[in-house]
Amino acid sequence: MVNPKFLKVPELATYNVRGSRPTVGVGKLCYLTDTVTDNGIWEEINPLESKLPIFIFQLVIVLFVTRLCLLLLKPLRQPHFAAELLAGILVGSTAIASEFARKHIPALGSIFAASRIMTMETVGNLGLIYHVFLLGLEMDLIALTSVSPKALGVGISGALFPFLFGASLYAFIADYPENFRWGFLYWGVALSVTGLPVIAEIFAKLKLLHSEIGRIAMSSALVNDFSSWVLLVLSLAVTSSNSSTYLSLFSAIVFIIFSIFVIRPVLLWVIRKTTREGEDYSEATVCTILTMVLACGLITDICGVSSLLGAFVFGLIIPPDLLGHRFVLMLQGFASDLLLPLYYASLGMRTHLGGFNREDMLMMVLVCFLSFIPKIVCTVAISYFYRMSLHEGFTLGVLMNTKGLIAVMAMSLGRDHTVMNEDGFAIMLFTIFIMSIATLPIVNFLYRRTKKFLPSQHRVLQDLKPDTELRILTCIHEVQTVAGITALLEISHASKRSPICVFALQLMQLKKHTTALLIVHGAGGTSSESISRVDGQTDQLIAAFKNLEHQSPTLSVQLLTAISPYGTMHEDVCSLVEEKQVTLIILPFHKRQTIHNNMEEMNPAYKDVNNNTLATAPCTVGILVDRGFGTLLPTNKDEGRSRSCKIAMIFIGGPDDREALAYASRMARHPKVALTVLRFILDESSATQNGDADLSLTMEAEAEKQADDLLVNEFRHKVQNDISVVYTEEISGNGAETVKTIRSLGQDFDLYVVGRGLAFFSPLKGGLDEWSDCPELGSIGDLLLTSDFSSTASVLVVQQHAQLNPGDSIL
């Protein structure tokens with residue numbers, strides 16, 4: 001039966017206007033006009049007696065403590081959720097708003113008085129509603145239909161078994177009155193939750209991006225997240241009212257069905273009618289979406305279930321890419337960064353950890369320890385069934401214990417429904433915090449790296465057999481660099497005998513709200529490994545590499561997106577190299593050419609990524625300085641014409657130059673490529689005038705010269721009948737003569753291929769290394785970019801694996 005008081009106007013008390021006599025037959029409703037102060041300190045008015053100044057004080061304090069906790073926990077690589085929860089506990093009754101603090105600091109007593117936190121709690125819950133909407137927006141339901149049976153088993157069992165264990169633990173240790181008996185439901189939900197955004201952040205920091213355990217854990221966490229929402233809805237329906245449990249549950253199901261089949265089609269129709277493709281949403285559309293979030297929350301709240309369910313379902317029914325990356329980022333910044341910390345602070349106001357005695361603290365530690373057990377046990381059991389190792393099963397169980405906002409939200413809802421007292425709420429909130437901060441160091445210990453990336457003979461271009469597949473990893477920061485990279489890949493000459501497999505890795509900076517780690521893009525779009533969406537550049541990348549595959553049938557491309565902080569982005573690159581057995585990495589230079597033929601810096605962080613990759617890569621690395629090379633790519637319109645790409649390879653000597661020659665030799669097989677190899681020979685007469693050299697250096701130089709001669713002679717033998725290849729030698733005695741000869745080449749070439757040669761000393765480069773502005777390009781590569789050099793051709797700088805370049809160091 002519907003509540004007869006529903007939507008009935010409440011009886012409001014009436015008061016007379018101050019200083020006036022009551023008017024017959026007229027009731028006047030007045031309220032205290034203390035929300036703002038007009039002149040502040042210039043009048044005898046205390047701002048701490050007004051609502052708006054009080055709320056601003058609360059907001060500033062909460063945000064300051066939150067940012068401070070984020071700063072302090074950042075070196076420990078703890079997730080943002082742990083820092084925000086800790087800040088909420090510190091702002092609350094445990095520290096800043098405690099009785100001791102309010103007693104000795106009267107201002108805190110006024111700011112965080114019990115009668116003054118209602119506004120803070122209301123605004124915090126508003127931020128929570130929009131944050132939950134974003135959680136639903138980021139959850140990919142299509143991914144649930146394609147998860148493996150292993151991940152499905154781990155996810156479902158990791159929700160049900162901990163739910164039963166948490167409920168039993170509550171009933172076992174708690175001695176609460178009759179009205180608190182239903183608190184076991186929310187303890188069970190809190191232990192069943194696995195925080196999907198938090199576990200994604202942990203993977204990014206621990207570099208488990210490409211591991212099997214990472215893929216299983218992400219899929220399992222997605223299943224577990226959905227299962228936890230189901231358990232939470234059931235708990236809310238049970239505790240709403242003993243007489244209306246079934247009605248609440250039935251109305252929630254009806255709302256979900258109505259949202260899928262009515263709200264979703266209408267919303268899509270309105271957006272497509274009012275917004276053109278490629279345009280930003282109008283203010284009316286944005287306002288409508290934000291209002292619908294609150295309206296759906298209001299409906300489920302009226303139905304007897306939390307308003308959070310309505311916001312979550314509304315986010316769930318919206319297609320992934322409908323709202324766009326910019327809209328999501330702006331809403332995240334407002335709701336999650338500005339308003340959500342107030343919600344954690346309101347939880348802290350309800351948590352009184354300082355009042356616990358020694359026995360209570362021992363009980364909290366015991367509950368924390370026992371709470372880890374159920375997920376680990378069920379995960380190890382499922383892993384054993386699917387023949388995973390005990391080490392992987394245990395690690396997966398620890399990861400599944402990662403908690404997030406939904407666990408905290410479940411405890412708050414249990415407290416709101418008056419089915420849990422202060423002690424039960426505080427114990428589980430403390431348990432959630434400990435489980436959140438303990439996961440990362442445990443997994444880091446289990447998966448710590450004991451060795452660096454090791455090079456192998458299969459990752460050197462000059463040792464690659466002619467009938468072996470060449471695997472290339474290209475790194476992309478911005479879409480403007482794609483043209484030059486695809487042009488370089490095409491002239492790398494993929495053939496039936498030696499095909500090329502390209503892994504195009506789009507590198508994006510990890511931000512707080514990013515939950516995607518590795519996104520694999522296929523012909524049908526983004527795969528099930530995608531948990532959230534990336535920006536609009538991805539579609540352009542897919543189109544560019546599809547066109548490359550169409551032009552070169554023996555060249556295959558797999559497009560991936562890795563999201564990571566700039567400081568550790570090179571680890572993602574090297575991990576993918578290890579997993580895919582890549583032979584060559586192609587990095588874009590951190591500068592690009594302007595319309596005035598000058599080089600401008602794109603992002604200083606790109607240079608750090610390149611330097612770190614050069615220092616740690618287990619294979620050959622090439623840095624491409626694109627100065628219009630992408631515009632020279634032969635297209636289908638050029639078929640039948642004698643158009644060619646002119647390449648010059650400058651050979652000084654050393655392992656990097658030999659690797660560069662091996663790559664240039666492969667390019668020479670392309671029918672549109674004309675290759676010129678210029679080798680510099682040291683003038684022996686000038687070399688003897690330099691005096692006595694160290695014997696070890698002389699022997700090393702002689703060994704390098706023999707290796708150079710062997711490779712060059714083999715190259716000349718292979719191309720002796722190829723008219724598109726020209727080989728010349730120039731004698732030089734020092735760096736000045738070398739520079740003079742290179743400048744004489746003029747502007748006849750489209751691409752220069754050179755070795756980096758940072759760890760190889762030769763009199764042919766004497767004095768050049770001291771004047772190098774870009775050490776990552778080597779002395780010759782840097783020379784080709786100087787304003788003194790007349791050519792504006794593109795440059796490819798090649799370095800053999802990092803073990804042969806001990807001079808590098810990670811920034």
# chains A, B, ... in the order shown; residues from 1 in each chain; ligands from 1

call {"tool": "residues_around", "arguments": {"residues": "A:Val621", "least_positions_apart": "4", "cutoff": "9 Å", "atoms": "only C-alpha atoms", "output": "tab-separated table (two decimals) with N, CA, C and O atoms, in the first residue's frame"}}
result
chain	number	residue	atom	x	y	z
A	583	THR	N	61.83	-6.52	-31.85
A	583	THR	CA	63.22	-6.30	-32.26
A	583	THR	C	63.56	-4.82	-32.35
A	583	THR	O	64.70	-4.43	-32.10
A	584	LEU	N	62.60	-3.97	-32.70
A	584	LEU	CA	62.88	-2.56	-32.93
A	584	LEU	C	61.79	-1.70	-32.30
A	584	LEU	O	60.60	-1.96	-32.49
A	585	ILE	N	62.20	-0.68	-31.56
A	585	ILE	CA	61.29	0.33	-31.02
A	585	ILE	C	61.50	1.62	-31.80
A	585	ILE	O	62.64	2.06	-32.00
A	586	ILE	N	60.41	2.24	-32.23
A	586	ILE	CA	60.48	3.53	-32.92
A	586	ILE	C	59.81	4.58	-32.05
A	586	ILE	O	58.62	4.47	-31.73
A	587	LEU	N	60.59	5.58	-31.64
A	587	LEU	CA	60.10	6.66	-30.78
A	587	LEU	C	60.03	7.96	-31.57
A	587	LEU	O	60.94	8.25	-32.35
A	613	THR	N	63.73	5.20	-22.11
A	613	THR	CA	63.61	4.02	-22.98
A	613	THR	C	64.95	3.65	-23.58
A	613	THR	O	65.31	2.47	-23.65
A	614	LEU	N	65.71	4.64	-24.00
A	614	LEU	CA	67.05	4.37	-24.53
A	614	LEU	C	67.94	3.71	-23.48
A	614	LEU	O	68.78	2.87	-23.81
A	617	ALA	N	65.95	-0.13	-22.73
A	617	ALA	CA	65.35	-0.99	-23.75
A	617	ALA	C	66.20	-2.24	-23.97
A	617	ALA	O	67.42	-2.17	-24.08
A	797	VAL	N	67.59	8.10	-35.93
A	797	VAL	CA	68.77	7.78	-35.12
A	797	VAL	C	68.55	6.41	-34.50
A	797	VAL	O	67.54	6.17	-33.83
A	798	VAL	N	69.49	5.50	-34.71
A	798	VAL	CA	69.35	4.11	-34.29
A	798	VAL	C	70.37	3.82	-33.19
A	798	VAL	O	71.53	4.20	-33.27
A	799	GLN	N	69.89	3.12	-32.16
A	799	GLN	CA	70.76	2.65	-31.08
A	799	GLN	C	70.53	1.17	-30.84
A	799	GLN	O	69.38	0.71	-30.79
A	800	GLN	N	71.63	0.41	-30.72
A	800	GLN	CA	71.49	-0.99	-30.35
A	800	GLN	C	71.05	-1.07	-28.90
A	800	GLN	O	70.95	-0.03	-28.21
A	801	HIS	N	70.76	-2.27	-28.39
A	801	HIS	CA	70.17	-2.39	-27.06
A	801	HIS	C	71.03	-1.73	-25.99
A	801	HIS	O	72.24	-1.53	-26.14
A	802	ALA	N	70.37	-1.38	-24.87
A	802	ALA	CA	70.97	-0.50	-23.86
A	802	ALA	C	72.21	-1.08	-23.21
A	802	ALA	O	73.01	-0.34	-22.65

call {"tool": "residues_around", "arguments": {"residues": "A:Val753", "least_positions_apart": "6", "cutoff": "10 Å", "atoms": "only C-alpha atoms", "output": "PDB file with C-alpha atoms, in the first residue's frame"}}
result
ATOM      1  CA  GLY A 622      65.146   4.316 -33.243  1.00  0.00           C
ATOM      2  CA  LEU A 624      62.452   9.523 -35.709  1.00  0.00           C
ATOM      3  CA  ILE A 647      67.742   7.813 -48.078  1.00  0.00           C
ATOM      4  CA  ALA A 648      71.277   8.516 -46.937  1.00  0.00           C
ATOM      5  CA  MET A 649      73.022   6.316 -44.378  1.00  0.00           C
ATOM      6  CA  ILE A 650      76.060   7.911 -42.707  1.00  0.00           C
ATOM      7  CA  PHE A 651      78.408   5.217 -41.362  1.00  0.00           C
ATOM      8  CA  ASP A 657      76.067   2.400 -36.903  1.00  0.00           C
ATOM      9  CA  ALA A 660      71.552   1.507 -38.578  1.00  0.00           C
ATOM     10  CA  LEU A 661      73.161   0.014 -41.688  1.00  0.00           C
ATOM     11  CA  TYR A 663      67.962  -1.305 -41.056  1.00  0.00           C
ATOM     12  CA  ALA A 664      68.877   0.847 -44.073  1.00  0.00           C
ATOM     13  CA  VAL A 677      75.649   4.765 -47.958  1.00  0.00           C
ATOM     14  CA  ILE A 780      75.780  13.157 -36.049  1.00  0.00           C
ATOM     15  CA  GLY A 781      72.017  13.183 -35.548  1.00  0.00           C
ATOM     16  CA  SER A 794      64.014  13.835 -41.603  1.00  0.00           C
ATOM     17  CA  VAL A 795      66.448  11.914 -39.414  1.00  0.00           C
ATOM     18  CA  LEU A 796      66.295   8.408 -37.955  1.00  0.00           C
ATOM     19  CA  VAL A 797      68.771   7.779 -35.121  1.00  0.00           C
ATOM     20  CA  VAL A 798      69.355   4.110 -34.291  1.00  0.00           C
TER      21      VAL A 798
END

call {"tool": "residues_around", "arguments": {"residues": "A:Glu601", "least_positions_apart": "6", "cutoff": "8 Å", "atoms": "only C-alpha atoms", "output": "number ranges by chain"}}
result
A: 590-592

call {"tool": "select_by_dssp", "arguments": {"residues": "stretch 252-487 of chain A", "states": "alpha helix (DSSP H)", "output": "ChimeraX atom specification"}}
result
/A:252-258,264-274,283-302,307-317,325-331,340-350,358-371,373-385,390-400,405-416,422-446,482-487

call {"tool": "atom_distance", "arguments": {"atom1": "atom CA of A:Ser251", "atom2": "atom CA of A:Leu164"}}
result
25.9 Å

call {"tool": "residues_around", "arguments": {"residues": "A:Val419", "least_positions_apart": "3", "cutoff": "9 Å", "atoms": "only C-alpha atoms", "output": "list in words"}}
result
Asn179, Phe180, Arg181, Trp182, Gly183, Phe184, Tyr186, Thr239, Gly414, Arg415 and Asp416 of chain A

call {"tool": "write_last_selection", "arguments": {"atoms": "N, CA and C atoms", "output": "mmCIF file, in the first residue's frame"}}
result
data_model
loop_
_atom_site.group_PDB
_atom_site.id
_atom_site.type_symbol
_atom_site.label_atom_id
_atom_site.label_comp_id
_atom_site.auth_asym_id
_atom_site.auth_seq_id
_atom_site.Cartn_x
_atom_site.Cartn_y
_atom_site.Cartn_z
ATOM 1 N N ASN A 179 17.734 -4.113 17.230
ATOM 2 C CA ASN A 179 17.551 -3.261 16.061
ATOM 3 C C ASN A 179 18.808 -3.135 15.215
ATOM 4 N N PHE A 180 19.948 -3.665 15.696
ATOM 5 C CA PHE A 180 21.190 -3.623 14.925
ATOM 6 C C PHE A 180 21.540 -4.979 14.314
ATOM 7 N N ARG A 181 20.611 -5.925 14.341
ATOM 8 C CA ARG A 181 20.947 -7.270 13.870
ATOM 9 C C ARG A 181 21.157 -7.324 12.360
ATOM 10 N N TRP A 182 20.525 -6.393 11.606
ATOM 11 C CA TRP A 182 20.666 -6.423 10.150
ATOM 12 C C TRP A 182 21.979 -5.816 9.667
ATOM 13 N N GLY A 183 22.822 -5.388 10.572
ATOM 14 C CA GLY A 183 24.111 -4.839 10.179
ATOM 15 C C GLY A 183 25.016 -5.847 9.497
ATOM 16 N N PHE A 184 24.738 -7.138 9.689
ATOM 17 C CA PHE A 184 25.588 -8.171 9.066
ATOM 18 C C PHE A 184 25.528 -8.089 7.536
ATOM 19 N N TYR A 186 25.532 -5.407 5.645
ATOM 20 C CA TYR A 186 26.450 -4.385 5.144
ATOM 21 C C TYR A 186 27.908 -4.738 5.418
ATOM 22 N N THR A 239 16.548 -3.961 4.356
ATOM 23 C CA THR A 239 16.586 -3.093 5.538
ATOM 24 C C THR A 239 15.741 -1.836 5.410
ATOM 25 N N GLY A 414 24.394 1.532 5.631
ATOM 26 C CA GLY A 414 23.966 0.742 6.784
ATOM 27 C C GLY A 414 23.768 1.605 8.011
ATOM 28 N N ARG A 415 24.616 2.585 8.173
ATOM 29 C CA ARG A 415 24.462 3.509 9.299
ATOM 30 C C ARG A 415 23.243 4.399 9.100
ATOM 31 N N ASP A 416 23.004 4.846 7.872
ATOM 32 C CA ASP A 416 21.838 5.689 7.591
ATOM 33 C C ASP A 416 20.540 4.947 7.847
#

call {"tool": "closest_residue", "arguments": {"among": "A:Ser98, A:Thr631, A:Asn547, A:Thr402", "to": "A:Val193", "atoms": "only C-alpha atoms"}}
result
A:Thr402

call {"tool": "residues_around", "arguments": {"residues": "A:Leu488", "least_positions_apart": "6", "cutoff": "9 Å", "atoms": "only C-alpha atoms", "output": "list in words"}}
result
Leu624, Phe629, Gly630, Leu633 and Met667 of chain A

call {"tool": "select_by_dssp", "arguments": {"residues": "stretch 363-530 of chain A", "states": "strand (DSSP E)", "output": "MDAnalysis selection string"}}
result
chainID A and resid 470:476 500:509 518:522 525:526

call {"tool": "atom_distance", "arguments": {"atom1": "atom CA of A:Glu600", "atom2": "atom CA of A:Leu505"}}
result
23.3 Å
